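Working notes, structure below.
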Amino acid sequence: MAYTAGVKLAAVALAVVACSREQPPPPQPEPAGHAAAVATDPHPSKDPAKARQLIAAGNAVVLDVRTAEEFGDGHLPAATNLPVDDLPQHLGDVDKLAGGDKAKPIVVYCQAGSRAAKAKRTLEAAGYTNVTNGGGLDDLR
């Protein structure tokens with residue numbers, strides 16, 4: 001009897017140990033709006049070094065997407081002012097600046113990079129394939 005009680009006790013102990021092993025927690029769904037926030041974060045796409053290189057090479061269209069007032073306070077010499085909020089209505093102007101070439105390098109910049117990120121998304125949605133967010137004016141000077 002003592003033998004079977006010992007076997008039963010060992011079996012119970014083994015079952016407890018097996019059940020108490022830590023299992024990795026199941027994956028949790030992302031918080032609401034998290035994916036959208038990551039997708040709209042302008043900072044990962046900001047590349048001032050590449051933008052400076054494209055501008056120095058002299059073959060990029062350079063768009064300052066700040067307001068006309070900000071542009072008037074100072075801008076890069078090669079820049080054309082197309083405020084980001086007006087950009088969708090001026091895609092024909094961008095097409096002219098790019099010579100009809102949707103693969104032509106385009107550099108967009110603003111004050112810090114957020115509006116440039118929005119402009120980059122707008123241009124890419126319109127079919128432009130070589131758009132660089134230069135960040136802010138100070139990043140490119």
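Letters A, B, ... go to the chains of the structure tokens in the order shown; residues in each chain start at 1; ligands are counted from 1 in the same order.
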*Residue contacts of Pro83 in chain A (8 Å, only C-alpha atoms) excluding same-chain residues fewer than 3 positions away, as a ChimeraX atom specification*: /A:64-68,86-87
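Closest approach to Pro48 in chain A among A:Gly127, A:Val108, A:Arg121, A:Glu70: A:Val108, based on only C-alpha atoms.
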*asked:* Can you pull out the residues contacting Pro77 in chain A? Cut-off 12 Å, using only C-alpha atoms, and skip same-chain residues under 2 positions away; I want them as a PyMOL selection string.
replied: chain A and resi 55-56+58+61-64+71-72+74-75+79-81+137+140-141
Store the residues picked out above in a file with N, CA and C atoms, as a PDB file, in the first residue's frame.
```
ATOM      1  N   ILE A  55      20.800  67.002 -53.650  1.00  0.00           N
ATOM      2  CA  ILE A  55      20.788  68.429 -53.978  1.00  0.00           C
ATOM      3  C   ILE A  55      22.148  68.842 -54.531  1.00  0.00           C
ATOM      4  N   ALA A  56      23.224  68.383 -53.916  1.00  0.00           N
ATOM      5  CA  ALA A  56      24.575  68.721 -54.371  1.00  0.00           C
ATOM      6  C   ALA A  56      24.838  68.201 -55.784  1.00  0.00           C
ATOM      7  N   GLY A  58      22.768  68.137 -58.093  1.00  0.00           N
ATOM      8  CA  GLY A  58      22.103  69.056 -59.006  1.00  0.00           C
ATOM      9  C   GLY A  58      21.029  68.469 -59.899  1.00  0.00           C
ATOM     10  N   VAL A  61      14.681  67.587 -57.952  1.00  0.00           N
ATOM     11  CA  VAL A  61      13.682  68.626 -57.761  1.00  0.00           C
ATOM     12  C   VAL A  61      13.629  68.855 -56.254  1.00  0.00           C
ATOM     13  N   VAL A  62      13.728  70.100 -55.815  1.00  0.00           N
ATOM     14  CA  VAL A  62      13.740  70.419 -54.391  1.00  0.00           C
ATOM     15  C   VAL A  62      12.465  71.193 -54.074  1.00  0.00           C
ATOM     16  N   LEU A  63      11.650  70.615 -53.198  1.00  0.00           N
ATOM     17  CA  LEU A  63      10.376  71.233 -52.834  1.00  0.00           C
ATOM     18  C   LEU A  63      10.380  71.621 -51.363  1.00  0.00           C
ATOM     19  N   ASP A  64      10.158  72.900 -51.119  1.00  0.00           N
ATOM     20  CA  ASP A  64       9.973  73.421 -49.772  1.00  0.00           C
ATOM     21  C   ASP A  64       8.466  73.396 -49.547  1.00  0.00           C
ATOM     22  N   PHE A  71       8.641  80.251 -46.322  1.00  0.00           N
ATOM     23  CA  PHE A  71       9.533  80.237 -47.476  1.00  0.00           C
ATOM     24  C   PHE A  71      10.158  81.620 -47.659  1.00  0.00           C
ATOM     25  N   GLY A  72       9.350  82.664 -47.490  1.00  0.00           N
ATOM     26  CA  GLY A  72       9.833  84.031 -47.626  1.00  0.00           C
ATOM     27  C   GLY A  72      10.876  84.411 -46.589  1.00  0.00           C
ATOM     28  N   GLY A  74      13.241  82.492 -45.658  1.00  0.00           N
ATOM     29  CA  GLY A  74      14.490  81.810 -45.988  1.00  0.00           C
ATOM     30  C   GLY A  74      14.229  80.411 -46.502  1.00  0.00           C
ATOM     31  N   HIS A  75      15.013  80.024 -47.502  1.00  0.00           N
ATOM     32  CA  HIS A  75      14.843  78.711 -48.118  1.00  0.00           C
ATOM     33  C   HIS A  75      16.127  78.316 -48.841  1.00  0.00           C
ATOM     34  N   ALA A  79      15.149  75.608 -54.194  1.00  0.00           N
ATOM     35  CA  ALA A  79      13.820  75.141 -53.806  1.00  0.00           C
ATOM     36  C   ALA A  79      12.683  75.875 -54.503  1.00  0.00           C
ATOM     37  N   THR A  80      11.634  75.110 -54.740  1.00  0.00           N
ATOM     38  CA  THR A  80      10.357  75.632 -55.205  1.00  0.00           C
ATOM     39  C   THR A  80       9.378  75.483 -54.051  1.00  0.00           C
ATOM     40  N   ASN A  81       8.612  76.523 -53.788  1.00  0.00           N
ATOM     41  CA  ASN A  81       7.660  76.476 -52.681  1.00  0.00           C
ATOM     42  C   ASN A  81       6.318  75.921 -53.135  1.00  0.00           C
ATOM     43  N   LEU A 137      14.647  72.536 -42.813  1.00  0.00           N
ATOM     44  CA  LEU A 137      15.568  73.444 -43.500  1.00  0.00           C
ATOM     45  C   LEU A 137      16.942  73.432 -42.835  1.00  0.00           C
ATOM     46  N   LEU A 140      19.287  70.685 -43.766  1.00  0.00           N
ATOM     47  CA  LEU A 140      19.849  70.704 -45.120  1.00  0.00           C
ATOM     48  C   LEU A 140      20.840  71.824 -45.368  1.00  0.00           C
ATOM     49  N   ARG A 141      20.918  72.780 -44.470  1.00  0.00           N
ATOM     50  CA  ARG A 141      21.854  73.898 -44.655  1.00  0.00           C
ATOM     51  C   ARG A 141      23.268  73.478 -44.345  1.00  0.00           C
TER      52      ARG A 141
END
```
_According to DSSP computed on the backbone, where in range 99-139 of chain A is there alpha helix (DSSP H)? Give the residues as number ranges by chain._
A: 114-125, 137-139
*asked:* Using only C-alpha atoms for the distances, tell me which of A:Arg115, A:Lys102, A:Lys46, A:Arg52 is nearest to Gly135 in chain A.
replied: A:Lys46
*asked:* As an exercise, work out the distance from CA of Asn59 in chain A to CA of Pro105 in chain A in Å and give it to one decimal place.
replied: 7.1 Å
*Between A:Val94, A:Gly99, A:Gln111, A:Asp73, single out the one closest to Val131 in chain A, counting only C-alpha atoms.*
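Of all the options, A:Val94 lies closest to Val131 in chain A.
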*Which one of A:Gln89, A:Asn133, A:Thr122, A:Ser45 sits closest to Cys110 in chain A if you count only C-alpha atoms?*
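Selected residue with least distance to Cys110 in chain A: A:Asn133.
The shell of residues at most 9 Å from Tyr128 in chain A, with only C-alpha atoms counted and near chain neighbours (fewer than 4 positions) removed, consists of Asp101, Lys102, Ala103, Lys104, Pro105, Ile106, Lys120, Thr122, Leu123 and Glu124 of chain A.
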_Nearest candidate to Asp85 in chain A (options A:Ala126, A:Val107, A:Ala116, A:Ala98; using only C-alpha atoms)_ = A:Ala116
*May I have all residues of range 32-106 of chain A that DSSP, computed from the backbone, assigns to strand (DSSP E or B), given as an NGL selection string?*
:A and (46 or 61-64 or 79-81 or 106)
_Please report the interatomic distance between CA of Gln53 in chain A and CA of Asn130 in chain A in Å with one decimal._
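Separating CA of Gln53 in chain A from CA of Asn130 in chain A is a distance of 13.6 Å.
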